[in-house]
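Q: Hey, dropping final_26.cif in here, mmCIF, C-alpha atoms and all ligand atoms:
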```cif
data_protein
#
loop_
_atom_site.label_atom_id
_atom_site.label_comp_id
_atom_site.auth_asym_id
_atom_site.auth_seq_id
_atom_site.Cartn_x
_atom_site.Cartn_y
_atom_site.Cartn_z
CA MET A 1 -55.84 54.67 -198.90
CA ARG A 2 -52.89 56.29 -200.66
CA GLY A 3 -53.28 57.97 -204.03
CA ALA A 4 -51.36 55.24 -205.85
CA ALA A 5 -53.62 52.53 -204.47
CA ALA A 6 -56.75 54.38 -205.53
CA VAL A 7 -55.58 54.30 -209.14
CA THR A 8 -54.29 50.71 -209.26
CA GLY A 9 -57.57 49.34 -207.93
CA PRO A 10 -58.63 47.20 -204.97
CA LYS A 11 -56.75 43.96 -204.34
CA ILE A 12 -57.41 40.62 -202.66
CA GLU A 13 -54.38 38.65 -201.53
CA LEU A 14 -54.90 35.00 -200.56
CA HIS A 15 -51.34 33.65 -200.37
CA VAL A 16 -48.95 35.50 -198.10
CA HIS A 17 -46.85 33.95 -195.33
CA LEU A 18 -46.91 36.45 -192.47
CA GLU A 19 -43.44 35.37 -191.35
CA GLY A 20 -42.24 36.20 -194.86
CA THR A 21 -43.45 39.80 -194.63
CA VAL A 22 -41.17 40.84 -191.79
CA GLY A 23 -38.57 43.34 -192.97
CA PRO A 24 -35.09 43.88 -191.52
CA ALA A 25 -35.98 46.83 -189.24
CA THR A 26 -38.81 44.96 -187.49
CA LEU A 27 -36.72 41.81 -187.25
CA LEU A 28 -33.88 43.69 -185.60
CA ALA A 29 -36.23 45.36 -183.09
CA MET A 30 -37.82 41.99 -182.21
CA ALA A 31 -34.45 40.31 -181.80
CA ARG A 32 -33.31 43.06 -179.42
CA ARG A 33 -36.38 42.93 -177.21
CA ASN A 34 -36.43 39.11 -177.14
CA GLY A 35 -32.70 38.68 -176.60
CA GLU A 36 -32.36 36.55 -179.76
CA ALA A 37 -29.11 36.55 -181.72
CA LEU A 38 -29.02 37.53 -185.41
CA PRO A 39 -26.09 37.19 -187.83
CA ALA A 40 -26.20 40.95 -188.58
CA HIS A 41 -26.69 43.91 -186.28
CA THR A 42 -27.79 46.68 -188.61
CA VAL A 43 -30.74 47.13 -190.96
CA GLU A 44 -28.29 47.33 -193.90
CA GLY A 45 -26.53 44.14 -192.83
CA LEU A 46 -29.82 42.29 -192.50
CA ALA A 47 -31.10 43.69 -195.80
CA GLU A 48 -28.04 42.24 -197.51
CA LEU A 49 -28.70 38.88 -195.86
CA TYR A 50 -32.34 39.03 -197.04
CA ARG A 51 -31.36 39.49 -200.69
CA PHE A 52 -32.63 36.36 -202.41
CA ARG A 53 -29.87 34.02 -203.62
CA ASP A 54 -31.26 30.52 -203.81
CA PHE A 55 -33.74 28.28 -202.10
CA SER A 56 -31.46 26.95 -199.36
CA HIS A 57 -30.40 30.48 -198.45
CA PHE A 58 -34.10 31.45 -198.39
CA ILE A 59 -34.79 28.63 -195.91
CA GLN A 60 -31.90 29.83 -193.69
CA VAL A 61 -33.33 33.35 -193.70
CA TRP A 62 -36.77 31.93 -192.96
CA ILE A 63 -35.52 30.01 -189.91
CA MET A 64 -33.59 33.03 -188.67
CA THR A 65 -36.63 35.29 -189.04
CA THR A 66 -39.15 32.98 -187.45
CA ASN A 67 -36.96 32.09 -184.48
CA VAL A 68 -36.84 35.75 -183.47
CA MET A 69 -40.64 35.95 -183.19
CA ARG A 70 -41.65 34.81 -179.72
CA THR A 71 -44.39 36.86 -178.06
CA GLU A 72 -48.04 37.66 -178.58
CA ALA A 73 -46.97 41.27 -179.28
CA ASP A 74 -44.57 40.05 -182.00
CA PHE A 75 -47.24 38.10 -183.87
CA ARG A 76 -49.71 40.93 -183.57
CA GLN A 77 -47.16 43.44 -184.87
CA VAL A 78 -46.38 41.26 -187.90
CA VAL A 79 -50.03 41.25 -189.00
CA VAL A 80 -50.59 44.95 -188.38
CA GLU A 81 -47.42 46.04 -190.21
CA TYR A 82 -48.20 43.90 -193.23
CA ALA A 83 -51.81 45.08 -193.27
CA ALA A 84 -50.55 48.67 -193.40
CA GLN A 85 -48.35 47.88 -196.41
CA ALA A 86 -51.01 45.86 -198.19
CA ALA A 87 -53.72 48.46 -197.56
CA ALA A 88 -51.43 51.15 -198.97
CA ALA A 89 -51.23 49.04 -202.15
CA GLY A 90 -55.04 48.81 -202.28
CA ALA A 91 -55.63 45.50 -200.45
CA VAL A 92 -59.12 45.17 -199.01
CA TYR A 93 -58.89 41.50 -197.98
CA VAL A 94 -55.86 39.38 -197.06
CA GLU A 95 -55.60 35.73 -196.03
CA GLY A 96 -52.41 35.44 -193.97
CA ILE A 97 -50.57 32.15 -193.53
CA PHE A 98 -48.48 31.29 -190.48
CA SER A 99 -46.68 28.16 -189.30
CA PRO A 100 -47.34 27.58 -185.59
CA TRP A 101 -45.71 24.20 -185.06
CA TYR A 102 -42.05 25.29 -185.06
CA ARG A 103 -42.80 28.17 -182.70
CA VAL A 104 -44.45 25.80 -180.22
CA HIS A 105 -41.55 23.40 -180.68
CA ARG A 106 -39.21 26.22 -179.63
CA GLY A 107 -41.11 26.88 -176.44
CA VAL A 108 -43.65 29.53 -177.44
CA ARG A 109 -47.11 28.94 -175.97
CA VAL A 110 -49.69 28.17 -178.62
CA GLU A 111 -52.08 30.73 -177.06
CA GLU A 112 -49.54 33.52 -177.62
CA ILE A 113 -49.23 32.64 -181.29
CA PHE A 114 -52.91 32.39 -182.14
CA HIS A 115 -54.08 35.25 -179.88
CA GLY A 116 -51.33 37.47 -181.28
CA TYR A 117 -52.23 36.81 -184.91
CA VAL A 118 -55.99 37.10 -184.27
CA ASP A 119 -55.51 40.36 -182.29
CA GLY A 120 -53.43 41.61 -185.21
CA ALA A 121 -56.25 40.83 -187.65
CA ILE A 122 -58.69 42.83 -185.54
CA GLU A 123 -56.28 45.75 -185.16
CA ALA A 124 -55.58 45.70 -188.92
CA ARG A 125 -59.27 46.20 -189.63
CA GLU A 126 -59.61 48.99 -187.05
CA ARG A 127 -56.54 50.90 -188.21
CA TYR A 128 -56.38 50.26 -191.95
CA GLY A 129 -59.81 48.99 -192.96
CA VAL A 130 -58.35 45.79 -194.42
CA GLU A 131 -60.06 42.49 -193.59
CA VAL A 132 -57.55 39.82 -192.54
CA ARG A 133 -58.36 36.14 -192.19
CA LEU A 134 -55.87 33.49 -191.12
CA THR A 135 -54.93 30.05 -192.43
CA PRO A 136 -52.32 28.25 -190.29
CA ASP A 137 -49.98 26.02 -192.26
CA ILE A 138 -48.75 22.47 -191.68
CA ASP A 139 -45.22 21.66 -192.79
CA ARG A 140 -45.28 18.49 -194.86
CA VAL A 141 -42.23 17.16 -193.01
CA LEU A 142 -44.30 16.81 -189.82
CA PRO A 143 -45.49 13.37 -188.75
CA VAL A 144 -49.25 13.03 -189.09
CA ASP A 145 -49.92 13.10 -185.33
CA GLU A 146 -48.05 16.41 -185.04
CA ALA A 147 -49.94 17.79 -188.05
CA MET A 148 -53.13 16.76 -186.25
CA ARG A 149 -52.15 19.03 -183.34
CA VAL A 150 -51.93 21.99 -185.74
CA ALA A 151 -55.44 21.18 -187.02
CA ASP A 152 -56.74 21.00 -183.44
CA TRP A 153 -55.15 24.32 -182.45
CA SER A 154 -56.59 25.94 -185.56
CA ALA A 155 -60.08 24.72 -184.66
CA ARG A 156 -59.68 25.74 -181.02
CA PHE A 157 -58.67 29.33 -181.82
CA ALA A 158 -60.80 29.81 -184.95
CA ASP A 159 -63.41 32.11 -183.42
CA ARG A 160 -63.10 35.40 -181.59
CA GLY A 161 -66.48 36.04 -180.03
CA SER A 162 -69.06 35.35 -182.71
CA GLU A 163 -66.60 36.00 -185.53
CA ARG A 164 -64.49 33.40 -187.32
CA LEU A 165 -61.02 34.69 -188.13
CA VAL A 166 -59.11 31.42 -188.61
CA VAL A 167 -60.83 30.12 -191.72
CA GLY A 168 -58.67 27.41 -193.24
CA LEU A 169 -55.75 25.05 -192.90
CA GLY A 170 -52.78 24.93 -195.27
CA LEU A 171 -49.99 22.54 -196.18
CA GLY A 172 -46.53 23.73 -197.22
CA GLY A 173 -42.90 22.63 -197.39
CA PRO A 174 -41.07 20.17 -199.63
CA GLU A 175 -43.73 19.02 -202.09
CA ALA A 176 -41.63 16.44 -203.93
CA GLU A 177 -40.66 14.36 -200.92
CA TYR A 178 -43.98 14.55 -199.05
CA PRO A 179 -47.08 13.98 -201.18
CA PRO A 180 -50.42 15.16 -199.77
CA GLU A 181 -52.21 11.82 -199.34
CA GLN A 182 -50.82 10.99 -195.89
CA PHE A 183 -52.42 14.17 -194.50
CA ALA A 184 -55.97 13.18 -195.51
CA PRO A 185 -57.11 12.45 -191.92
CA VAL A 186 -55.74 15.81 -190.75
CA PHE A 187 -57.71 17.77 -193.32
CA ALA A 188 -60.80 15.63 -192.67
CA ARG A 189 -60.62 16.66 -189.03
CA ALA A 190 -60.17 20.32 -190.02
CA ALA A 191 -63.16 20.07 -192.36
CA ARG A 192 -65.33 18.78 -189.50
CA ALA A 193 -64.35 21.96 -187.61
CA GLY A 194 -65.39 24.06 -190.61
CA LEU A 195 -61.85 24.86 -191.77
CA ALA A 196 -61.28 24.81 -195.53
CA ALA A 197 -58.26 23.04 -197.06
CA VAL A 198 -55.88 25.47 -198.79
CA PRO A 199 -52.73 23.47 -199.49
CA HIS A 200 -49.72 24.38 -201.60
CA ALA A 201 -49.47 22.09 -204.65
CA GLY A 202 -48.30 22.16 -208.24
CA GLU A 203 -45.36 24.44 -207.48
CA THR A 204 -42.39 22.06 -207.74
CA VAL A 205 -44.39 18.89 -208.53
CA GLY A 206 -46.80 18.45 -211.43
CA ALA A 207 -50.39 17.35 -211.85
CA GLU A 208 -50.32 14.37 -209.46
CA SER A 209 -49.65 16.66 -206.51
CA VAL A 210 -52.57 18.95 -207.43
CA ARG A 211 -54.87 15.93 -207.90
CA GLY A 212 -53.77 14.59 -204.53
CA ALA A 213 -54.57 17.93 -202.91
CA LEU A 214 -58.04 17.89 -204.47
CA ASP A 215 -58.90 14.22 -203.95
CA ALA A 216 -57.21 13.41 -200.64
CA LEU A 217 -57.42 16.78 -198.89
CA GLY A 218 -60.59 18.25 -200.43
CA ALA A 219 -58.72 21.43 -201.40
CA ARG A 220 -61.00 24.44 -201.73
CA ARG A 221 -58.21 26.43 -203.40
CA ILE A 222 -54.65 25.58 -204.43
CA ARG A 223 -51.67 27.74 -203.51
CA HIS A 224 -49.53 28.05 -206.65
CA GLY A 225 -50.96 25.19 -208.74
CA ILE A 226 -49.18 26.51 -211.83
CA ARG A 227 -47.88 23.10 -212.95
CA ALA A 228 -51.47 21.96 -213.43
CA LEU A 229 -51.00 23.45 -216.87
CA GLU A 230 -48.99 20.36 -217.84
CA ASP A 231 -52.19 18.30 -217.78
CA PRO A 232 -55.14 19.49 -219.92
CA ALA A 233 -57.65 17.21 -218.14
CA LEU A 234 -56.65 18.69 -214.79
CA VAL A 235 -56.93 22.22 -216.16
CA ARG A 236 -60.49 21.44 -217.28
CA ARG A 237 -61.28 20.02 -213.86
CA LEU A 238 -59.96 23.12 -212.07
CA ALA A 239 -62.07 25.31 -214.35
CA ASP A 240 -65.20 23.14 -213.99
CA GLU A 241 -64.95 22.81 -210.21
CA ARG A 242 -64.12 26.52 -209.79
CA ILE A 243 -60.90 25.81 -207.88
CA VAL A 244 -59.04 29.11 -207.52
CA LEU A 245 -55.23 29.09 -207.82
CA ASP A 246 -53.35 31.61 -205.64
CA VAL A 247 -50.55 32.51 -208.04
CA CYS A 248 -47.29 34.27 -207.07
CA PRO A 249 -45.21 35.06 -210.20
CA VAL A 250 -42.17 36.65 -208.51
CA SER A 251 -41.95 33.79 -206.00
CA ASN A 252 -42.05 31.31 -208.90
CA LEU A 253 -39.20 33.19 -210.56
CA ARG A 254 -37.09 33.35 -207.38
CA THR A 255 -37.48 29.64 -206.63
CA ARG A 256 -36.94 28.82 -210.33
CA SER A 257 -40.32 27.20 -210.79
CA VAL A 258 -40.29 29.37 -213.93
CA ALA A 259 -37.13 30.44 -215.77
CA THR A 260 -38.43 33.88 -216.75
CA LEU A 261 -41.52 35.91 -215.93
CA GLY A 262 -42.30 36.03 -219.63
CA GLU A 263 -42.84 32.24 -219.54
CA HIS A 264 -45.09 32.36 -216.49
CA PRO A 265 -48.28 30.27 -217.05
CA LEU A 266 -50.67 32.73 -215.34
CA ARG A 267 -52.12 34.02 -218.59
CA ALA A 268 -52.47 30.54 -220.09
CA LEU A 269 -54.23 29.19 -217.00
CA GLN A 270 -56.67 32.07 -217.06
CA ALA A 271 -57.25 31.70 -220.78
CA ALA A 272 -58.14 28.05 -220.11
CA GLY A 273 -60.85 29.16 -217.70
CA VAL A 274 -59.01 28.65 -214.39
CA ALA A 275 -59.69 31.41 -211.85
CA CYS A 276 -56.37 32.81 -210.55
CA SER A 277 -55.81 35.22 -207.70
CA LEU A 278 -52.52 37.10 -207.35
CA ALA A 279 -50.25 37.21 -204.29
CA THR A 280 -46.73 37.86 -203.00
CA ASP A 281 -46.00 34.61 -201.05
CA ASP A 282 -42.99 35.94 -199.01
CA PRO A 283 -42.63 39.57 -200.05
CA ALA A 284 -39.77 40.60 -197.72
CA MET A 285 -37.61 37.69 -198.85
CA PHE A 286 -38.55 37.67 -202.53
CA GLY A 287 -38.15 41.45 -202.96
CA THR A 288 -41.71 41.94 -204.13
CA ASP A 289 -44.99 43.57 -203.10
CA LEU A 290 -48.58 43.66 -204.31
CA GLU A 291 -48.02 46.55 -206.73
CA THR A 292 -45.06 44.75 -208.31
CA GLU A 293 -47.04 41.52 -208.76
CA HIS A 294 -49.86 43.47 -210.40
CA ALA A 295 -47.45 45.21 -212.74
CA VAL A 296 -45.95 41.83 -213.68
CA ALA A 297 -49.40 40.35 -214.26
CA ALA A 298 -50.36 43.32 -216.44
CA GLY A 299 -47.15 42.74 -218.41
CA LEU A 300 -48.33 39.16 -219.02
CA GLY A 301 -51.60 40.51 -220.41
CA VAL A 302 -53.68 39.59 -217.36
CA ARG A 303 -56.49 41.93 -216.30
CA ALA A 304 -56.69 43.18 -212.70
CA ARG A 305 -60.49 42.79 -212.73
CA ASP A 306 -60.14 39.03 -213.34
CA LEU A 307 -57.59 38.65 -210.54
CA TYR A 308 -59.92 40.51 -208.18
CA ALA A 309 -62.94 38.44 -209.21
CA ALA A 310 -60.98 35.23 -208.54
CA GLY A 311 -60.06 36.63 -205.12
CA VAL A 312 -63.71 37.29 -204.31
CA GLU A 313 -64.62 33.78 -205.45
CA GLY A 314 -61.82 32.06 -203.53
CA ALA A 315 -61.89 34.02 -200.26
CA LEU A 316 -62.80 31.89 -197.23
CA CYS A 317 -64.77 34.70 -195.57
CA ASP A 318 -68.48 34.65 -194.76
CA GLU A 319 -71.06 35.58 -197.39
CA PRO A 320 -71.85 39.13 -196.19
CA LEU A 321 -68.16 40.06 -196.51
CA ARG A 322 -67.94 38.34 -199.91
CA ALA A 323 -70.90 40.45 -201.06
CA ARG A 324 -69.12 43.57 -199.79
CA LEU A 325 -65.94 42.63 -201.67
CA ARG A 326 -67.98 42.05 -204.82
CA ARG A 327 -69.54 45.50 -204.44
CA ILE A 328 -66.10 47.10 -204.11
CA GLY A 329 -65.13 45.44 -207.39
CA ALA A 330 -68.33 46.58 -209.10
CA GLU A 331 -67.67 50.19 -208.09
CA THR A 332 -64.10 50.21 -209.43
CA ASP A 333 -62.97 51.90 -212.63
CA TRP A 334 -61.04 48.86 -213.87
CA ASP A 335 -60.09 50.39 -217.21
CA ALA A 336 -58.18 53.12 -215.39
CA ALA A 337 -56.64 50.69 -212.86
CA GLU A 338 -55.47 48.30 -215.59
CA GLN A 339 -53.99 51.16 -217.58
CA VAL A 340 -51.86 52.17 -214.58
CA ALA A 341 -50.72 48.57 -213.98
CA ARG A 342 -49.80 48.18 -217.69
CA SER A 343 -47.75 51.36 -217.62
CA ALA A 344 -45.82 50.03 -214.57
CA ALA A 345 -45.15 46.66 -216.24
CA PRO A 346 -42.00 47.47 -218.27
CA ALA A 347 -40.13 48.81 -215.22
CA ALA A 348 -41.17 45.84 -213.07
CA LEU A 349 -40.11 43.33 -215.72
CA ALA A 350 -36.85 45.21 -216.34
CA ARG A 351 -36.04 44.95 -212.64
CA LEU A 352 -36.98 41.28 -212.26
CA ASP A 353 -37.09 39.24 -215.42
CA PRO A 354 -33.83 37.60 -216.59
CA ALA A 355 -35.21 37.48 -220.14
CA VAL A 356 -35.75 41.25 -220.17
CA LEU A 357 -32.46 41.89 -218.37
CA ALA A 358 -30.61 39.86 -221.03
CA ARG A 359 -31.89 41.98 -223.90
ZN ZN B 401 -46.57 29.91 -200.11
#
```
Written as structure tokens, that's how I'd like the structure from this file.
A:
Amino acid sequence: MRGAAAVTGPKIELHVHLEGTVGPATLLAMARRNGEALPAHTVEGLAELYRFRDFSHFIQVWIMTTNVMRTEADFRQVVVEYAAQAAAAGAVYVEGIFSPWYRVHRGVRVEEIFHGYVDGAIEARERYGVEVRLTPDIDRVLPVDEAMRVADWSARFADRGSERLVVGLGLGGPEAEYPPEQFAPVFARAARAGLAAVPHAGETVGAESVRGALDALGARRIRHGIRALEDPALVRRLADERIVLDVCPVSNLRTRSVATLGEHPLRALQAAGVACSLATDDPAMFGTDLETEHAVAAGLGVRARDLYAAGVEGALCDEPLRARLRRIGAETDWDAAEQVARSAAPAALARLDPAVLAR
């Protein structure tokens, strides 16, 4: 663990798309070895293309990035490289998301995808001491029978030996056009295989989408969920049922779910008793990382110890690992860690927040 990580405290990240962690240098190397074309041929050129502009540009970059990834070695490398970055920022547990359907649709064998990601999780633990679990994602635009295939693959590849590394099933993509209810049978099937439901909801749609995720899909956690704040009864329910929200402030700013970081509802949700974990979503594309998110959260008045505790509570790991994560938290000097995050907050907000930039 690097010196900086030791002082900013341990971190649990539950909402990161592995495809969205791939930086320009890795992307370029993968494209070369797989013979895939990219619109730029240098790291600088790709970095410029990565710079976040708007949501449709983000989707173009996403498609470009994911199409380059084709082999078991690619998927493994993506996990290991992100684990190295996250561990350097203090991460001790990460739940990585990936979207297998489009890869299979483009001719990649499903075994290569799942074996590559699972191998990467094992290598990440061996090399960096960070525990990685995986939650494949269903794109909401998929027909239900195709979504069902993703659930079946996830169940089929969940275990490596006696250990379960694929622990949940997610739902992502355009929330407004595709409400969660139609996917109820898919998540019921996943639940029978012991996979928890961890859908995105309450990012671009309000309370009804979060309720749908809870009622129709049996969501164990909600990715984003910030618009739940519009409905006090729903906020109470999230608090009462101990539903953890995996909150990503910089992502919310980039996609304009919030206008400024200063208006981000993280603090208000927590104050209302809702457990919130903190994550990067798509760090390479949103120009963020775990340290930045923690500085932003500190700037909002949120304590790192509460984010960590929510991570322990929401993690889909087995109970012995949860106990170990809890012990790591108990042994941490949180006063010191929070002091460091608070001191980094002004610079992070000055770099990111339009409200601060406008002053
Ligand atoms: Zn996400």
Q: Write out, as CSV, each residue of chain A that has an atom at most 9 Å from ligand ZN 401 (chain B), together with the closest pair of atoms and their distance in Å to one decimal, counting all atoms listed in the file, rows going by chain and rising number.
A:
```
residue,atom,partner,partner_atom,distance
A:His15,CA,B:ZN401,ZN,6.1
A:Val16,CA,B:ZN401,ZN,6.4
A:His17,CA,B:ZN401,ZN,6.3
A:Ile97,CA,B:ZN401,ZN,8.0
A:Gly172,CA,B:ZN401,ZN,6.8
A:Gly173,CA,B:ZN401,ZN,8.6
A:Pro199,CA,B:ZN401,ZN,8.9
A:His200,CA,B:ZN401,ZN,6.5
A:Arg223,CA,B:ZN401,ZN,6.5
A:His224,CA,B:ZN401,ZN,7.4
A:Asp246,CA,B:ZN401,ZN,8.9
A:Cys248,CA,B:ZN401,ZN,8.2
A:Ser251,CA,B:ZN401,ZN,8.4
A:Thr280,CA,B:ZN401,ZN,8.5
A:Asp281,CA,B:ZN401,ZN,4.8
A:Asp282,CA,B:ZN401,ZN,7.1
```
Q: Would you please work out which residue, of A:Asp159, A:Glu95, A:Glu203, A:Asp306, is nearest to A:Thr135 when using all atoms listed in the file?
A: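 Nearest candidate to A:Thr135 out of A:Asp159, A:Glu95, A:Glu203, A:Asp306: A:Glu95.
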Q: Take atom CA of A:Ala188 and atom CA of A:Ala216 and report the distance between them in Å, one decimal.
A: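 Atom CA of A:Ala216 lies 9.0 Å from atom CA of A:Ala188.
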Q: Which value, in Å to one decimal, gives the distance between atom CA of A:Gly120 and atom CA of A:Phe286?
A: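 According to the coordinates, atom CA of A:Gly120 and atom CA of A:Phe286 are separated by 23.2 Å.
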Q: Can you tell me, as a PyMOL selection string, what residues are no more than 10 Å from A:Val302 when counting all atoms listed in the file, ignoring any on the same chain fewer than 2 positions away?
A: chain A and resi 266-268+270-271+276+294-300+304-307+338+342
Q: Which is closer to A:Leu245 than all the others in A:Ala344, A:Ala275, A:Ala89, A:Ala201, using only C-alpha atoms?
A: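 For A:Leu245, the nearest of the candidates is A:Ala275.
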Q: Can you pull out every residue within 9 Å of A:Gly96, counting all atoms listed in the file, but drop anything in the same chain fewer than 2 positions away, and send it as a PyMOL selection string?
A: chain A and resi 13-18+79+94+98+132-136
Q: Grab the atom CA of A:Glu36 to atom CA of A:Phe55 distance for me, in Å with one decimal place.
A: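 Here the two named atoms are 23.9 Å from each other.
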Q: Using only C-alpha atoms, find the one residue out of A:Ala29, A:Ala193, A:Ile12, A:Val340 that sits nearest to A:Ala310.
A: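 Going through A:Ala29, A:Ala193, A:Ile12, A:Val340 one by one, the smallest distance to A:Ala310 is for A:Ile12.
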